[in-house]
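Student: My file is target-v3.txt. It has compact mmCIF, C-alpha atoms and all ligand atoms:
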# COMPACT_ATOMS: atom_id res chain seq x y z
CA MET F 1 -18.99 9.62 -16.03
CA GLY F 2 -21.08 7.59 -18.49
CA ASP F 3 -18.19 5.25 -19.21
CA ILE F 4 -17.82 3.99 -15.67
CA SER F 5 -19.06 0.45 -15.32
CA VAL F 6 -20.00 -1.48 -12.22
CA LEU F 7 -20.52 -5.23 -11.97
CA ILE F 8 -23.13 -6.21 -9.38
CA ILE F 9 -22.97 -9.80 -8.13
CA GLU F 10 -26.14 -10.27 -6.09
CA ASP F 11 -28.70 -13.07 -5.94
CA ASN F 12 -31.50 -11.08 -4.30
CA LEU F 13 -33.60 -9.60 -7.09
CA LEU F 14 -34.93 -6.70 -5.04
CA ASN F 15 -31.46 -5.67 -3.93
CA MET F 16 -30.20 -6.04 -7.49
CA LYS F 17 -32.98 -3.82 -8.78
CA LEU F 18 -32.41 -1.19 -6.12
CA VAL F 19 -28.64 -1.05 -6.59
CA ARG F 20 -28.95 -1.00 -10.38
CA SER F 21 -31.45 1.88 -10.23
CA LEU F 22 -29.24 3.93 -7.94
CA LEU F 23 -26.22 3.39 -10.19
CA GLU F 24 -28.12 4.11 -13.40
CA ILE F 25 -29.45 7.37 -11.98
CA ALA F 26 -25.80 8.36 -11.58
CA ASN F 27 -25.15 7.33 -15.19
CA TYR F 28 -23.03 4.27 -14.46
CA LYS F 29 -23.09 1.35 -16.84
CA VAL F 30 -24.31 -1.70 -14.94
CA LEU F 31 -23.39 -5.34 -15.47
CA GLU F 32 -25.28 -7.97 -13.51
CA ALA F 33 -24.63 -11.48 -12.30
CA SER F 34 -26.86 -13.43 -9.93
CA ASP F 35 -24.09 -15.74 -8.74
CA ALA F 36 -20.32 -15.70 -8.37
CA GLU F 37 -19.72 -18.16 -11.20
CA ASP F 38 -21.57 -15.94 -13.69
CA GLY F 39 -19.80 -12.88 -12.33
CA ILE F 40 -16.38 -14.42 -12.75
CA GLN F 41 -17.30 -15.52 -16.26
CA LEU F 42 -18.33 -11.95 -17.12
CA LEU F 43 -14.93 -10.77 -15.92
CA GLY F 44 -13.41 -12.82 -18.70
CA GLN F 45 -15.06 -10.53 -21.24
CA TYR F 46 -15.54 -7.20 -19.47
CA ARG F 47 -13.42 -5.21 -17.12
CA PRO F 48 -15.67 -3.13 -14.85
CA ASP F 49 -14.31 -0.19 -12.85
CA LEU F 50 -15.82 -1.58 -9.69
CA ILE F 51 -17.45 -4.76 -8.38
CA LEU F 52 -20.26 -4.82 -5.82
CA MET F 53 -20.17 -8.27 -4.24
CA ASP F 54 -22.92 -9.84 -2.19
CA ILE F 55 -21.50 -12.18 0.46
CA GLN F 56 -24.21 -14.81 0.63
CA LEU F 57 -24.67 -16.30 -2.80
CA PRO F 58 -25.84 -19.69 -4.06
CA GLY F 59 -22.82 -21.86 -4.93
CA MET F 60 -19.54 -20.01 -4.49
CA ASP F 61 -19.96 -17.31 -1.81
CA GLY F 62 -18.83 -13.73 -2.18
CA LEU F 63 -15.76 -14.17 0.00
CA SER F 64 -14.44 -17.08 -2.08
CA ALA F 65 -15.24 -15.17 -5.26
CA THR F 66 -13.30 -12.16 -3.93
CA ARG F 67 -10.27 -14.32 -3.09
CA HIS F 68 -10.46 -15.82 -6.57
CA ILE F 69 -10.59 -12.42 -8.28
CA LYS F 70 -7.84 -10.92 -6.11
CA LYS F 71 -5.53 -13.82 -7.00
CA ASP F 72 -5.86 -13.03 -10.70
CA PRO F 73 -3.19 -10.51 -11.77
CA ALA F 74 -5.45 -9.30 -14.60
CA LEU F 75 -8.32 -8.53 -12.24
CA GLN F 76 -6.87 -7.83 -8.82
CA ASP F 77 -6.77 -4.05 -9.35
CA ILE F 78 -10.54 -3.81 -9.69
CA PRO F 79 -11.94 -2.53 -6.38
CA ILE F 80 -14.46 -4.85 -4.75
CA ILE F 81 -17.06 -3.52 -2.34
CA ALA F 82 -18.79 -6.19 -0.30
CA LEU F 83 -22.51 -5.91 0.28
CA THR F 84 -22.66 -7.11 3.85
CA SER F 85 -25.68 -7.92 5.95
CA TYR F 86 -26.21 -5.77 8.96
CA ALA F 87 -27.64 -8.86 10.63
CA MET F 88 -24.60 -11.01 9.92
CA HIS F 89 -22.18 -10.07 12.60
CA GLY F 90 -18.54 -10.10 11.49
CA ASP F 91 -19.29 -9.94 7.77
CA GLU F 92 -17.39 -6.66 7.41
CA GLU F 93 -14.22 -8.03 8.93
CA ARG F 94 -14.43 -11.26 6.93
CA ALA F 95 -14.98 -9.26 3.75
CA LEU F 96 -11.88 -7.14 4.29
CA LYS F 97 -9.85 -10.22 5.20
CA ALA F 98 -10.92 -11.90 1.96
CA GLY F 99 -9.54 -8.94 0.02
CA CYS F 100 -12.52 -6.64 -0.39
CA ASP F 101 -11.56 -2.97 -0.57
CA GLY F 102 -14.55 -1.86 1.45
CA TYR F 103 -18.10 -2.70 2.32
CA ILE F 104 -21.59 -1.29 2.26
CA SER F 105 -24.08 -2.81 4.64
CA LYS F 106 -27.53 -3.96 3.72
CA PRO F 107 -30.26 -2.87 3.91
CA ILE F 108 -28.92 -0.33 1.41
CA ASP F 109 -29.25 3.27 2.57
CA THR F 110 -30.40 4.99 -0.62
CA LYS F 111 -29.25 8.38 0.68
CA THR F 112 -25.62 7.42 1.26
CA PHE F 113 -25.13 4.57 -1.21
CA LEU F 114 -23.79 6.57 -4.17
CA ALA F 115 -21.38 8.60 -2.07
CA SER F 116 -19.95 5.35 -0.71
CA VAL F 117 -19.59 3.90 -4.20
CA VAL F 118 -17.88 7.00 -5.59
CA GLU F 119 -15.16 6.72 -2.94
CA TYR F 120 -14.01 3.45 -4.49
CA ILE F 121 -14.17 4.37 -8.18
CA PRO F 122 -10.57 4.61 -9.39
CA HIS F 123 -9.72 8.26 -9.79
CA ASN F 124 -8.90 9.59 -13.23
CA PRO F 125 -6.36 12.40 -12.84
CA ASP F 126 -7.30 13.83 -16.26
CA GLU F 127 -10.67 14.85 -14.91
CA GLU F 128 -9.37 17.13 -12.19
MN MN F 201 -27.40 -12.98 -1.20
Please express what this file holds, its structure, as structure tokens.
Tutor:
Amino acid sequence: MGDISVLIIEDNLLNMKLVRSLLEIANYKVLEASDAEDGIQLLGQYRPDLILMDIQLPGMDGLSATRHIKKDPALQDIPIIALTSYAMHGDEERALKAGCDGYISKPIDTKTFLASVVEYIPHNPDEE
């Protein structure tokens, strides 16, 4: 499980710290970007197994970034989970429409977060 990597694109430092801690406890390798532009640039060098995408970001928002990534044949297979705001009504639907594979709403529930993430990690049949 130590080889599974997750890219977090999130501009809120507290959320970033929380999500990174939860993933590292589960032994995931974590890549971080605080805006969509940096995240997309990272995807030119690394191919994570999963992307956690904040919706509200400075500059390009998470929905535009998702559309961009899902248009790229080299990247479109990477699952994207939107980090949606409970307060922002309709975020979930917009996220799915933009091409996200699922969503986790913020504030992050530390008890259920990892189980939600695991659902979207591409399954390796060799590990059955
Ligand atoms: Mn944000």
Student: Counting only C-alpha atoms and all ligand atoms, what are the residues of chain F within 12 Å of ligand MN 201 (chain F), and for each of them which pair of atoms is the nearest and at what distance in Å, to one decimal? Sort the table by chain and rising number, as a Markdown table.
Tutor:
| residue | atom | partner | partner_atom | distance |
| --- | --- | --- | --- | --- |
| F:Ile8 | CA | F:MN201 | MN | 11.4 |
| F:Ile9 | CA | F:MN201 | MN | 8.8 |
| F:Glu10 | CA | F:MN201 | MN | 5.7 |
| F:Asp11 | CA | F:MN201 | MN | 4.9 |
| F:Asn12 | CA | F:MN201 | MN | 5.5 |
| F:Leu13 | CA | F:MN201 | MN | 9.2 |
| F:Leu14 | CA | F:MN201 | MN | 10.5 |
| F:Asn15 | CA | F:MN201 | MN | 8.8 |
| F:Met16 | CA | F:MN201 | MN | 9.8 |
| F:Ala33 | CA | F:MN201 | MN | 11.5 |
| F:Ser34 | CA | F:MN201 | MN | 8.8 |
| F:Asp35 | CA | F:MN201 | MN | 8.7 |
| F:Ala36 | CA | F:MN201 | MN | 10.4 |
| F:Leu52 | CA | F:MN201 | MN | 11.8 |
| F:Met53 | CA | F:MN201 | MN | 9.1 |
| F:Asp54 | CA | F:MN201 | MN | 5.6 |
| F:Ile55 | CA | F:MN201 | MN | 6.2 |
| F:Gln56 | CA | F:MN201 | MN | 4.1 |
| F:Leu57 | CA | F:MN201 | MN | 4.6 |
| F:Pro58 | CA | F:MN201 | MN | 7.5 |
| F:Gly59 | CA | F:MN201 | MN | 10.7 |
| F:Met60 | CA | F:MN201 | MN | 11.0 |
| F:Asp61 | CA | F:MN201 | MN | 8.6 |
| F:Gly62 | CA | F:MN201 | MN | 8.7 |
| F:Leu63 | CA | F:MN201 | MN | 11.8 |
| F:Ala82 | CA | F:MN201 | MN | 11.0 |
| F:Leu83 | CA | F:MN201 | MN | 8.7 |
| F:Thr84 | CA | F:MN201 | MN | 9.1 |
| F:Ser85 | CA | F:MN201 | MN | 8.9 |
| F:Met88 | CA | F:MN201 | MN | 11.6 |
| F:Lys106 | CA | F:MN201 | MN | 10.3 |
| F:Pro107 | CA | F:MN201 | MN | 11.7 |
Student: Write out, as a compact mmCIF listing (two decimals), in the frame of the given file, the residues just selected, with C-alpha atoms.
Tutor:
# COMPACT_ATOMS: atom_id res chain seq x y z
CA ILE F 8 -23.13 -6.21 -9.38
CA ILE F 9 -22.97 -9.80 -8.13
CA GLU F 10 -26.14 -10.27 -6.09
CA ASP F 11 -28.70 -13.07 -5.94
CA ASN F 12 -31.50 -11.08 -4.30
CA LEU F 13 -33.60 -9.60 -7.09
CA LEU F 14 -34.93 -6.70 -5.04
CA ASN F 15 -31.46 -5.67 -3.93
CA MET F 16 -30.20 -6.04 -7.49
CA ALA F 33 -24.63 -11.48 -12.30
CA SER F 34 -26.86 -13.43 -9.93
CA ASP F 35 -24.09 -15.74 -8.74
CA ALA F 36 -20.32 -15.70 -8.37
CA LEU F 52 -20.26 -4.82 -5.82
CA MET F 53 -20.17 -8.27 -4.24
CA ASP F 54 -22.92 -9.84 -2.19
CA ILE F 55 -21.50 -12.18 0.46
CA GLN F 56 -24.21 -14.81 0.63
CA LEU F 57 -24.67 -16.30 -2.80
CA PRO F 58 -25.84 -19.69 -4.06
CA GLY F 59 -22.82 -21.86 -4.93
CA MET F 60 -19.54 -20.01 -4.49
CA ASP F 61 -19.96 -17.31 -1.81
CA GLY F 62 -18.83 -13.73 -2.18
CA LEU F 63 -15.76 -14.17 0.00
CA ALA F 82 -18.79 -6.19 -0.30
CA LEU F 83 -22.51 -5.91 0.28
CA THR F 84 -22.66 -7.11 3.85
CA SER F 85 -25.68 -7.92 5.95
CA MET F 88 -24.60 -11.01 9.92
CA LYS F 106 -27.53 -3.96 3.72
CA PRO F 107 -30.26 -2.87 3.91
Student: Neighbouring residues of range 108-122 of chain F were defined as those with any atom within 9 Å, considering only C-alpha atoms; residues of the same chain fewer than 2 positions away were excluded. Please report them as a PyMOL selection string.
Tutor: chain F and resi 4+15+18-19+22-23+26+49-50+52+78-81+83+101-106+124
Student: From the list F:Leu96, F:His123, F:Leu7, F:Asp77, which residue is nearest Leu42 in chain F when using all atoms listed in the file?
Tutor: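 Nearest candidate to Leu42 in chain F out of F:Leu96, F:His123, F:Leu7, F:Asp77: F:Leu7.
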Student: CA of Arg47 in chain F and CA of Leu75 in chain F, how far apart in Å?
Tutor: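 The value is 7.8 Å.
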Student: Between CA of Gln41 in chain F and CA of Ile69 in chain F, what is the spacing in Å?
Tutor: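 Interatomic distance here is 10.9 Å.
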Student: Would you pick out the contacts of Ala98 in chain F at 8 Å or less, using all atoms listed in the file, so that residues sharing its chain but fewer than 4 positions from it are not included, and give the list as a ChimeraX atom specification?
Tutor: /F:63-64,66-67,94
Student: Rounded to one decimal in Å, what is the spacing between CA of Lys17 in chain F and CA of Asp3 in chain F?
Tutor: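 If I compute the distance from CA of Lys17 in chain F to CA of Asp3 in chain F, I get 20.2 Å.
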Student: Can you fill out range 85-96 of chain F with all heavy atoms and hand it back as a PDB file, in the coordinates of the input?
Tutor:
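After the write, rebuild12.pdb holds the following:
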ATOM      1  N   SER F  85     -24.398  -7.965   5.243  1.00  0.00           N
ATOM      2  CA  SER F  85     -25.680  -7.920   5.950  1.00  0.00           C
ATOM      3  C   SER F  85     -25.474  -7.356   7.334  1.00  0.00           C
ATOM      4  O   SER F  85     -24.650  -7.844   8.089  1.00  0.00           O
ATOM      5  CB  SER F  85     -26.225  -9.336   6.097  1.00  0.00           C
ATOM      6  OG  SER F  85     -27.210  -9.562   5.171  1.00  0.00           O
ATOM      7  N   TYR F  86     -26.272  -6.356   7.634  1.00  0.00           N
ATOM      8  CA  TYR F  86     -26.210  -5.770   8.960  1.00  0.00           C
ATOM      9  C   TYR F  86     -26.427  -6.850  10.023  1.00  0.00           C
ATOM     10  O   TYR F  86     -25.799  -6.855  11.080  1.00  0.00           O
ATOM     11  CB  TYR F  86     -27.277  -4.682   9.087  1.00  0.00           C
ATOM     12  CG  TYR F  86     -27.330  -4.030  10.432  1.00  0.00           C
ATOM     13  CD1 TYR F  86     -26.304  -3.184  10.838  1.00  0.00           C
ATOM     14  CD2 TYR F  86     -28.395  -4.264  11.288  1.00  0.00           C
ATOM     15  CE1 TYR F  86     -26.344  -2.590  12.072  1.00  0.00           C
ATOM     16  CE2 TYR F  86     -28.431  -3.666  12.525  1.00  0.00           C
ATOM     17  CZ  TYR F  86     -27.412  -2.833  12.927  1.00  0.00           C
ATOM     18  OH  TYR F  86     -27.454  -2.243  14.150  1.00  0.00           O
ATOM     19  N   ALA F  87     -27.291  -7.811   9.672  1.00  0.00           N
ATOM     20  CA  ALA F  87     -27.640  -8.860  10.630  1.00  0.00           C
ATOM     21  C   ALA F  87     -26.528  -9.890  10.826  1.00  0.00           C
ATOM     22  O   ALA F  87     -26.486 -10.574  11.846  1.00  0.00           O
ATOM     23  CB  ALA F  87     -28.913  -9.573  10.170  1.00  0.00           C
ATOM     24  N   MET F  88     -25.647  -9.995   9.831  1.00  0.00           N
ATOM     25  CA  MET F  88     -24.600 -11.010   9.920  1.00  0.00           C
ATOM     26  C   MET F  88     -23.359 -10.437  10.569  1.00  0.00           C
ATOM     27  O   MET F  88     -22.506  -9.830   9.939  1.00  0.00           O
ATOM     28  CB  MET F  88     -24.241 -11.542   8.515  1.00  0.00           C
ATOM     29  CG  MET F  88     -25.320 -12.373   7.876  1.00  0.00           C
ATOM     30  SD  MET F  88     -25.610 -13.913   8.765  1.00  0.00           S
ATOM     31  CE  MET F  88     -24.070 -14.767   8.405  1.00  0.00           C
ATOM     32  N   HIS F  89     -23.273 -10.656  11.844  1.00  0.00           N
ATOM     33  CA  HIS F  89     -22.180 -10.070  12.600  1.00  0.00           C
ATOM     34  C   HIS F  89     -20.826 -10.591  12.126  1.00  0.00           C
ATOM     35  O   HIS F  89     -20.654 -11.785  11.955  1.00  0.00           O
ATOM     36  CB  HIS F  89     -22.370 -10.397  14.087  1.00  0.00           C
ATOM     37  CG  HIS F  89     -21.922  -9.280  14.952  1.00  0.00           C
ATOM     38  ND1 HIS F  89     -22.582  -8.069  15.007  1.00  0.00           N
ATOM     39  CD2 HIS F  89     -20.864  -9.161  15.777  1.00  0.00           C
ATOM     40  CE1 HIS F  89     -21.945  -7.272  15.837  1.00  0.00           C
ATOM     41  NE2 HIS F  89     -20.908  -7.903  16.314  1.00  0.00           N
ATOM     42  N   GLY F  90     -19.877  -9.688  11.895  1.00  0.00           N
ATOM     43  CA  GLY F  90     -18.540 -10.100  11.490  1.00  0.00           C
ATOM     44  C   GLY F  90     -18.334 -10.140   9.991  1.00  0.00           C
ATOM     45  O   GLY F  90     -17.227 -10.339   9.523  1.00  0.00           O
ATOM     46  N   ASP F  91     -19.401  -9.945   9.229  1.00  0.00           N
ATOM     47  CA  ASP F  91     -19.290  -9.940   7.770  1.00  0.00           C
ATOM     48  C   ASP F  91     -18.258  -8.925   7.266  1.00  0.00           C
ATOM     49  O   ASP F  91     -17.494  -9.210   6.355  1.00  0.00           O
ATOM     50  CB  ASP F  91     -20.643  -9.582   7.133  1.00  0.00           C
ATOM     51  CG  ASP F  91     -21.347 -10.804   6.558  1.00  0.00           C
ATOM     52  OD1 ASP F  91     -20.876 -11.931   6.829  1.00  0.00           O
ATOM     53  OD2 ASP F  91     -22.351 -10.619   5.846  1.00  0.00           O
ATOM     54  N   GLU F  92     -18.280  -7.727   7.880  1.00  0.00           N
ATOM     55  CA  GLU F  92     -17.390  -6.660   7.410  1.00  0.00           C
ATOM     56  C   GLU F  92     -15.930  -7.081   7.523  1.00  0.00           C
ATOM     57  O   GLU F  92     -15.152  -6.941   6.588  1.00  0.00           O
ATOM     58  CB  GLU F  92     -17.601  -5.372   8.220  1.00  0.00           C
ATOM     59  CG  GLU F  92     -18.916  -4.661   7.947  1.00  0.00           C
ATOM     60  CD  GLU F  92     -20.084  -5.213   8.746  1.00  0.00           C
ATOM     61  OE1 GLU F  92     -19.876  -6.177   9.531  1.00  0.00           O
ATOM     62  OE2 GLU F  92     -21.193  -4.683   8.581  1.00  0.00           O
ATOM     63  N   GLU F  93     -15.601  -7.630   8.692  1.00  0.00           N
ATOM     64  CA  GLU F  93     -14.220  -8.030   8.930  1.00  0.00           C
ATOM     65  C   GLU F  93     -13.814  -9.172   7.991  1.00  0.00           C
ATOM     66  O   GLU F  93     -12.716  -9.174   7.434  1.00  0.00           O
ATOM     67  CB  GLU F  93     -14.102  -8.473  10.390  1.00  0.00           C
ATOM     68  CG  GLU F  93     -12.712  -8.358  10.946  1.00  0.00           C
ATOM     69  CD  GLU F  93     -12.639  -8.932  12.355  1.00  0.00           C
ATOM     70  OE1 GLU F  93     -13.556  -8.642  13.159  1.00  0.00           O
ATOM     71  OE2 GLU F  93     -11.687  -9.674  12.622  1.00  0.00           O
ATOM     72  N   ARG F  94     -14.726 -10.137   7.835  1.00  0.00           N
ATOM     73  CA  ARG F  94     -14.430 -11.260   6.930  1.00  0.00           C
ATOM     74  C   ARG F  94     -14.256 -10.770   5.498  1.00  0.00           C
ATOM     75  O   ARG F  94     -13.407 -11.270   4.764  1.00  0.00           O
ATOM     76  CB  ARG F  94     -15.567 -12.293   6.990  1.00  0.00           C
ATOM     77  CG  ARG F  94     -15.496 -13.197   8.215  1.00  0.00           C
ATOM     78  CD  ARG F  94     -16.446 -14.370   8.090  1.00  0.00           C
ATOM     79  NE  ARG F  94     -17.844 -13.959   8.283  1.00  0.00           N
ATOM     80  CZ  ARG F  94     -18.433 -13.864   9.483  1.00  0.00           C
ATOM     81  NH1 ARG F  94     -17.757 -14.182  10.579  1.00  0.00           N
ATOM     82  NH2 ARG F  94     -19.679 -13.490   9.593  1.00  0.00           N
ATOM     83  N   ALA F  95     -15.055  -9.781   5.115  1.00  0.00           N
ATOM     84  CA  ALA F  95     -14.980  -9.260   3.750  1.00  0.00           C
ATOM     85  C   ALA F  95     -13.613  -8.616   3.499  1.00  0.00           C
ATOM     86  O   ALA F  95     -12.968  -8.861   2.475  1.00  0.00           O
ATOM     87  CB  ALA F  95     -16.099  -8.250   3.506  1.00  0.00           C
ATOM     88  N   LEU F  96     -13.170  -7.804   4.449  1.00  0.00           N
ATOM     89  CA  LEU F  96     -11.880  -7.140   4.290  1.00  0.00           C
ATOM     90  C   LEU F  96     -10.742  -8.152   4.276  1.00  0.00           C
ATOM     91  O   LEU F  96      -9.795  -8.050   3.507  1.00  0.00           O
ATOM     92  CB  LEU F  96     -11.663  -6.095   5.397  1.00  0.00           C
ATOM     93  CG  LEU F  96     -12.669  -4.933   5.416  1.00  0.00           C
ATOM     94  CD1 LEU F  96     -12.378  -3.991   6.576  1.00  0.00           C
ATOM     95  CD2 LEU F  96     -12.675  -4.159   4.097  1.00  0.00           C
TER      96      LEU F  96
END
